[in-house]
Amino acid sequence: MSGFKSQIARHRDALNELQTRIHSTFKERDRSDAKKRAWQDACSDFHRFHSEIDTFLEDVTVTTVSEDKQIRQFVFDFLSVDPIYFRSGYEKERLLKLLKPLDLTDAEKAVLRQTIQRRIRSGALREFRRFCQLIPKIQTSEFVVELQAAAKSTDPQVQRRAVFALKYVNH
């Protein structure tokens with residue numbers, strides 16, 4: 001399989017569009033029966049949505065990640081895309097927790113390092129701590145230097161996130 005990144009991006013975009021529809025119809029729902037139906041339909045569409053990404057997420061366990069190359073590819077594509085949609089943080093936390101006992105390849109470690117660096121620059125979400133908990137397993141001297149440089153950033157938020165990540169570095 002060539003990868004899941006485009007499927008993950010489509011899944012993210014579809015869910016975000018459905019959620020946007022809920023929010024936009026919610027504001028008008030009390031104005032008429034038709035507007036209330038539009039809001040109810042938007043909610044129903046959101047709750048009924050299911051894609052192949054949901055199926056893969058349901059199939060991910062420690063065993064499947066360690067034994068199934070396709071599932072493993074999916075997990076690292078998901079973490080690489082780092083999609084942000086309703087409940088995606090919980091999914092990323094679960095996936096990261098499953099990776100803790102596994103031996104990772106250099107390419108897989110690089111995906112995690114890049115995602116941590118991107119989160120330091122752009123903003124940490126609920127799963128940032130789980131990413132950081134993997135730092136002892138994925139750290140390189142270059143990565144540590146990059147974290148130290150970010151800890152000296154003039155942007156206080158970048159600085160705060162980098163200092164937080166550095167707490168997980170093995171010395």
# chains A, B, ... in the order shown; residues from 1 in each chain; ligands from 1
$ residues_around --residues "region 80-84 of chain A" --least-positions-apart "5" --cutoff "10 Å" --atoms "only C-alpha atoms" --output "list of chain:residue names"
A:Phe4, A:Lys5, A:Ser6, A:Ile8, A:Ala9, A:Arg10, A:His11, A:Arg12, A:Asp13, A:Leu15, A:Asn16, A:Phe74, A:Val75, A:Gly89, A:Lys92, A:Glu108, A:Ala110, A:Val111, A:Leu112, A:Arg113, A:Gln114, A:Thr115, A:Ile116, A:Arg118, A:Arg119, A:Leu125
$ closest_atom_pairs --of "region 15-129 of chain A" --to "region 160-169 of chain A" --cutoff "9 Å" --atoms "only C-alpha atoms" --output "Markdown table"
| residue | atom | partner | partner_atom | distance |
| --- | --- | --- | --- | --- |
| A:Ile116 | CA | A:Ala165 | CA | 8.3 |
| A:Gln117 | CA | A:Ala162 | CA | 8.5 |
| A:Arg119 | CA | A:Arg161 | CA | 8.2 |
| A:Ile120 | CA | A:Arg161 | CA | 5.4 |
| A:Arg121 | CA | A:Arg161 | CA | 8.3 |
| A:Gly123 | CA | A:Arg161 | CA | 7.9 |
| A:Ala124 | CA | A:Arg161 | CA | 7.1 |
| A:Phe128 | CA | A:Ala165 | CA | 8.8 |
| A:Arg129 | CA | A:Ala165 | CA | 8.1 |
$ closest_residue --among "A:Ala150, A:Leu57, A:Ala14, A:Val65" --to "Asp45 (chain A)" --atoms "only C-alpha atoms"
A:Ala14
$ select_by_dssp --residues "chain A" --states "helix (DSSP H, G or I)" --output "VMD selection string"
chain A and resid 5 to 26 33 to 48 52 to 59 62 to 67 69 to 81 88 to 99 106 to 122 128 to 133 135 to 138 141 to 150 156 to 166
$ write_last_selection --atoms "C-alpha atoms" --output "tab-separated table (two decimals), in the first residue's frame"
chain	number	residue	atom	x	y	z
A	5	LYS	CA	-2.13	10.35	3.99
A	6	SER	CA	-4.63	11.54	1.38
A	7	GLN	CA	-7.39	9.36	2.86
A	8	ILE	CA	-6.65	10.74	6.33
A	9	ALA	CA	-6.76	14.30	5.00
A	10	ARG	CA	-10.11	13.64	3.27
A	11	HIS	CA	-11.46	12.10	6.50
A	12	ARG	CA	-10.32	15.17	8.48
A	13	ASP	CA	-11.82	17.57	5.94
A	14	ALA	CA	-15.15	15.71	5.81
A	15	LEU	CA	-15.50	15.64	9.60
A	16	ASN	CA	-14.55	19.30	9.94
A	17	GLU	CA	-17.10	20.23	7.25
A	18	LEU	CA	-19.81	18.24	9.01
A	19	GLN	CA	-18.99	19.88	12.32
A	20	THR	CA	-19.03	23.33	10.69
A	21	ARG	CA	-22.52	22.55	9.37
A	22	ILE	CA	-23.66	21.68	12.89
A	23	HIS	CA	-22.31	24.95	14.28
A	24	SER	CA	-23.74	27.12	11.52
A	25	THR	CA	-27.23	25.53	11.69
A	26	PHE	CA	-27.21	25.54	15.50
A	33	ASP	CA	-39.08	24.24	11.92
A	34	ALA	CA	-37.09	24.06	8.67
A	35	LYS	CA	-34.00	25.49	10.36
A	36	LYS	CA	-34.41	23.06	13.25
A	37	ARG	CA	-34.61	20.19	10.74
A	38	ALA	CA	-31.47	21.49	9.02
A	39	TRP	CA	-29.64	21.41	12.36
A	40	GLN	CA	-30.97	17.95	13.18
A	41	ASP	CA	-29.93	16.72	9.73
A	42	ALA	CA	-26.45	18.17	10.22
A	43	CYS	CA	-26.16	16.37	13.57
A	44	SER	CA	-27.40	13.11	12.07
A	45	ASP	CA	-24.97	13.37	9.16
A	46	PHE	CA	-22.09	13.97	11.58
A	47	HIS	CA	-23.00	10.98	13.77
A	48	ARG	CA	-23.56	8.68	10.78
A	52	GLU	CA	-12.23	3.69	5.91
A	53	ILE	CA	-10.09	5.67	8.38
A	54	ASP	CA	-12.51	4.82	11.18
A	55	THR	CA	-12.18	1.15	10.26
A	56	PHE	CA	-8.39	1.34	10.43
A	57	LEU	CA	-8.52	3.19	13.76
A	58	GLU	CA	-10.76	0.45	15.15
A	59	ASP	CA	-8.28	-2.22	14.02
A	62	VAL	CA	-0.38	-3.31	19.94
A	63	THR	CA	-0.54	-6.68	18.21
A	64	THR	CA	-1.75	-5.36	14.86
A	65	VAL	CA	0.80	-2.54	14.86
A	66	SER	CA	3.62	-4.97	15.56
A	67	GLU	CA	2.47	-7.67	13.12
A	69	LYS	CA	2.68	-3.69	8.01
A	70	GLN	CA	-0.39	-1.99	6.59
A	71	ILE	CA	-1.73	-1.05	10.04
A	72	ARG	CA	1.73	0.16	11.07
A	73	GLN	CA	1.95	2.30	7.92
A	74	PHE	CA	-1.50	3.70	8.71
A	75	VAL	CA	-0.50	4.62	12.28
A	76	PHE	CA	2.58	6.53	11.20
A	77	ASP	CA	0.76	8.21	8.31
A	78	PHE	CA	-1.94	9.27	10.77
A	79	LEU	CA	0.64	10.70	13.17
A	80	SER	CA	2.50	12.36	10.30
A	81	VAL	CA	-0.63	14.06	8.95
A	88	SER	CA	-8.68	13.18	16.88
A	89	GLY	CA	-6.59	14.05	19.93
A	90	TYR	CA	-7.96	11.05	21.79
A	91	GLU	CA	-7.14	8.81	18.83
A	92	LYS	CA	-3.58	10.15	18.62
A	93	GLU	CA	-3.10	9.64	22.35
A	94	ARG	CA	-4.26	6.03	22.02
A	95	LEU	CA	-1.98	5.37	19.05
A	96	LEU	CA	1.02	6.92	20.80
A	97	LYS	CA	0.38	4.83	23.90
A	98	LEU	CA	0.38	1.69	21.73
A	99	LEU	CA	3.78	2.62	20.28
A	106	ASP	CA	14.57	5.27	12.03
A	107	ALA	CA	11.89	6.50	9.60
A	108	GLU	CA	9.18	6.06	12.24
A	109	LYS	CA	11.26	7.94	14.81
A	110	ALA	CA	11.76	10.73	12.28
A	111	VAL	CA	7.99	11.03	11.81
A	112	LEU	CA	7.53	11.46	15.56
A	113	ARG	CA	10.37	13.98	15.85
A	114	GLN	CA	8.98	16.05	12.96
A	115	THR	CA	5.50	16.04	14.48
A	116	ILE	CA	6.86	17.17	17.86
A	117	GLN	CA	8.83	19.96	16.21
A	118	ARG	CA	5.75	21.06	14.23
A	119	ARG	CA	3.66	21.07	17.41
A	120	ILE	CA	6.28	23.14	19.23
A	121	ARG	CA	6.12	25.74	16.44
A	122	SER	CA	2.38	25.71	15.81
A	128	PHE	CA	1.43	16.72	22.98
A	129	ARG	CA	2.37	15.15	26.32
A	130	ARG	CA	2.05	11.65	24.79
A	131	PHE	CA	4.30	12.68	21.91
A	132	CYS	CA	6.83	14.01	24.41
A	133	GLN	CA	6.74	10.81	26.44
A	135	ILE	CA	11.23	11.49	23.25
A	136	PRO	CA	13.61	9.20	25.17
A	137	LYS	CA	12.92	6.54	22.57
A	138	ILE	CA	13.33	8.79	19.51
A	141	SER	CA	21.64	14.79	19.37
A	142	GLU	CA	20.38	16.94	16.45
A	143	PHE	CA	16.82	16.75	17.76
A	144	VAL	CA	17.92	17.81	21.24
A	145	VAL	CA	19.84	20.76	19.75
A	146	GLU	CA	16.70	21.79	17.84
A	147	LEU	CA	14.63	21.59	21.02
A	148	GLN	CA	17.23	23.67	22.88
A	149	ALA	CA	17.17	26.28	20.10
A	150	ALA	CA	13.37	26.42	20.26
A	156	PRO	CA	7.08	32.69	24.58
A	157	GLN	CA	4.63	29.96	23.52
A	158	VAL	CA	7.23	28.19	21.37
A	159	GLN	CA	9.69	28.57	24.22
A	160	ARG	CA	7.24	27.10	26.75
A	161	ARG	CA	6.44	24.07	24.57
A	162	ALA	CA	10.13	23.42	23.84
A	163	VAL	CA	11.05	23.62	27.52
A	164	PHE	CA	8.24	21.17	28.24
A	165	ALA	CA	9.57	18.75	25.58
A	166	LEU	CA	13.12	19.06	26.92
$ atom_distance --atom1 "CA of Gln139 (chain A)" --atom2 "CA of Ser153 (chain A)"
20.2 Å
$ decode --residues "region 150-166 of chain A" --atoms "all heavy atoms" --output "compact mmCIF listing (two decimals), in the first residue's frame"
# COMPACT_ATOMS: atom_id res chain seq x y z
N ALA A 150 14.76 25.97 20.13
CA ALA A 150 13.37 26.42 20.26
C ALA A 150 13.10 26.94 21.67
O ALA A 150 12.31 27.87 21.86
CB ALA A 150 12.41 25.28 19.93
N ALA A 151 13.79 26.39 22.66
CA ALA A 151 13.62 26.85 24.05
C ALA A 151 14.16 28.26 24.24
O ALA A 151 13.84 28.91 25.24
CB ALA A 151 14.30 25.88 25.00
N LYS A 152 14.94 28.74 23.29
CA LYS A 152 15.48 30.11 23.34
C LYS A 152 14.74 31.04 22.40
O LYS A 152 15.17 32.16 22.15
CB LYS A 152 16.96 30.08 22.99
CG LYS A 152 17.80 29.31 23.99
CD LYS A 152 19.24 29.20 23.55
CE LYS A 152 20.01 28.31 24.52
NZ LYS A 152 21.33 27.94 24.01
N SER A 153 13.63 30.59 21.87
CA SER A 153 12.84 31.37 20.91
C SER A 153 12.36 32.67 21.55
O SER A 153 12.16 32.76 22.76
CB SER A 153 11.62 30.54 20.46
OG SER A 153 10.73 31.33 19.72
N THR A 154 12.13 33.66 20.71
CA THR A 154 11.58 34.92 21.19
C THR A 154 10.06 34.81 21.39
O THR A 154 9.47 35.64 22.06
CB THR A 154 11.87 36.06 20.20
OG1 THR A 154 11.35 35.70 18.92
CG2 THR A 154 13.37 36.32 20.11
N ASP A 155 9.46 33.78 20.81
CA ASP A 155 8.03 33.53 20.99
C ASP A 155 7.85 32.77 22.30
O ASP A 155 8.30 31.62 22.43
CB ASP A 155 7.50 32.71 19.82
CG ASP A 155 6.00 32.44 19.92
OD1 ASP A 155 5.46 32.38 21.05
OD2 ASP A 155 5.38 32.25 18.86
N PRO A 156 7.20 33.36 23.28
CA PRO A 156 7.08 32.69 24.58
C PRO A 156 6.32 31.36 24.53
O PRO A 156 6.60 30.46 25.32
CB PRO A 156 6.35 33.71 25.46
CG PRO A 156 5.79 34.72 24.54
CD PRO A 156 6.55 34.67 23.26
N GLN A 157 5.37 31.22 23.61
CA GLN A 157 4.63 29.96 23.52
C GLN A 157 5.50 28.84 22.96
O GLN A 157 5.49 27.72 23.45
CB GLN A 157 3.37 30.14 22.64
CG GLN A 157 2.37 31.12 23.22
CD GLN A 157 1.93 30.75 24.62
OE1 GLN A 157 1.62 29.60 24.89
NE2 GLN A 157 1.91 31.71 25.53
N VAL A 158 6.29 29.16 21.93
CA VAL A 158 7.23 28.19 21.37
C VAL A 158 8.23 27.80 22.45
O VAL A 158 8.54 26.62 22.66
CB VAL A 158 7.95 28.76 20.13
CG1 VAL A 158 9.11 27.88 19.71
CG2 VAL A 158 6.95 28.94 18.99
N GLN A 159 8.72 28.79 23.14
CA GLN A 159 9.69 28.57 24.22
C GLN A 159 9.11 27.65 25.30
O GLN A 159 9.76 26.68 25.72
CB GLN A 159 10.05 29.93 24.82
CG GLN A 159 11.19 29.91 25.78
CD GLN A 159 11.47 31.32 26.29
OE1 GLN A 159 10.65 31.86 27.04
NE2 GLN A 159 12.58 31.89 25.88
N ARG A 160 7.89 27.90 25.71
CA ARG A 160 7.24 27.10 26.75
C ARG A 160 7.08 25.64 26.31
O ARG A 160 7.37 24.71 27.07
CB ARG A 160 5.88 27.71 27.09
CG ARG A 160 5.11 26.97 28.16
CD ARG A 160 3.75 27.60 28.43
NE ARG A 160 2.90 27.69 27.27
CZ ARG A 160 2.19 26.67 26.75
NH1 ARG A 160 2.24 25.50 27.32
NH2 ARG A 160 1.43 26.85 25.69
N ARG A 161 6.64 25.44 25.07
CA ARG A 161 6.44 24.07 24.57
C ARG A 161 7.78 23.34 24.43
O ARG A 161 7.87 22.14 24.74
CB ARG A 161 5.67 24.09 23.25
CG ARG A 161 4.23 24.52 23.43
CD ARG A 161 3.43 24.42 22.16
NE ARG A 161 3.80 25.36 21.13
CZ ARG A 161 3.25 26.55 20.94
NH1 ARG A 161 2.28 26.97 21.74
NH2 ARG A 161 3.64 27.33 19.96
N ALA A 162 8.81 24.05 23.99
CA ALA A 162 10.13 23.42 23.84
C ALA A 162 10.71 23.05 25.20
O ALA A 162 11.29 21.96 25.35
CB ALA A 162 11.07 24.35 23.08
N VAL A 163 10.56 23.92 26.16
CA VAL A 163 11.05 23.62 27.52
C VAL A 163 10.31 22.40 28.07
O VAL A 163 10.91 21.52 28.68
CB VAL A 163 10.89 24.85 28.45
CG1 VAL A 163 11.07 24.49 29.91
CG2 VAL A 163 11.86 25.95 28.03
N PHE A 164 9.02 22.32 27.82
CA PHE A 164 8.24 21.17 28.24
C PHE A 164 8.79 19.89 27.60
O PHE A 164 9.00 18.88 28.27
CB PHE A 164 6.77 21.35 27.88
CG PHE A 164 5.90 20.20 28.28
CD1 PHE A 164 5.43 20.09 29.59
CD2 PHE A 164 5.57 19.21 27.38
CE1 PHE A 164 4.63 19.03 29.97
CE2 PHE A 164 4.77 18.15 27.74
CZ PHE A 164 4.30 18.04 29.04
N ALA A 165 9.04 19.93 26.29
CA ALA A 165 9.57 18.75 25.58
C ALA A 165 10.94 18.37 26.11
O ALA A 165 11.26 17.18 26.23
CB ALA A 165 9.62 19.03 24.08
N LEU A 166 11.76 19.35 26.42
CA LEU A 166 13.12 19.06 26.92
C LEU A 166 13.11 18.31 28.24
O LEU A 166 14.08 17.60 28.56
CB LEU A 166 13.93 20.35 27.06
CG LEU A 166 14.50 20.90 25.77
CD1 LEU A 166 15.00 22.33 25.95
CD2 LEU A 166 15.61 20.00 25.24
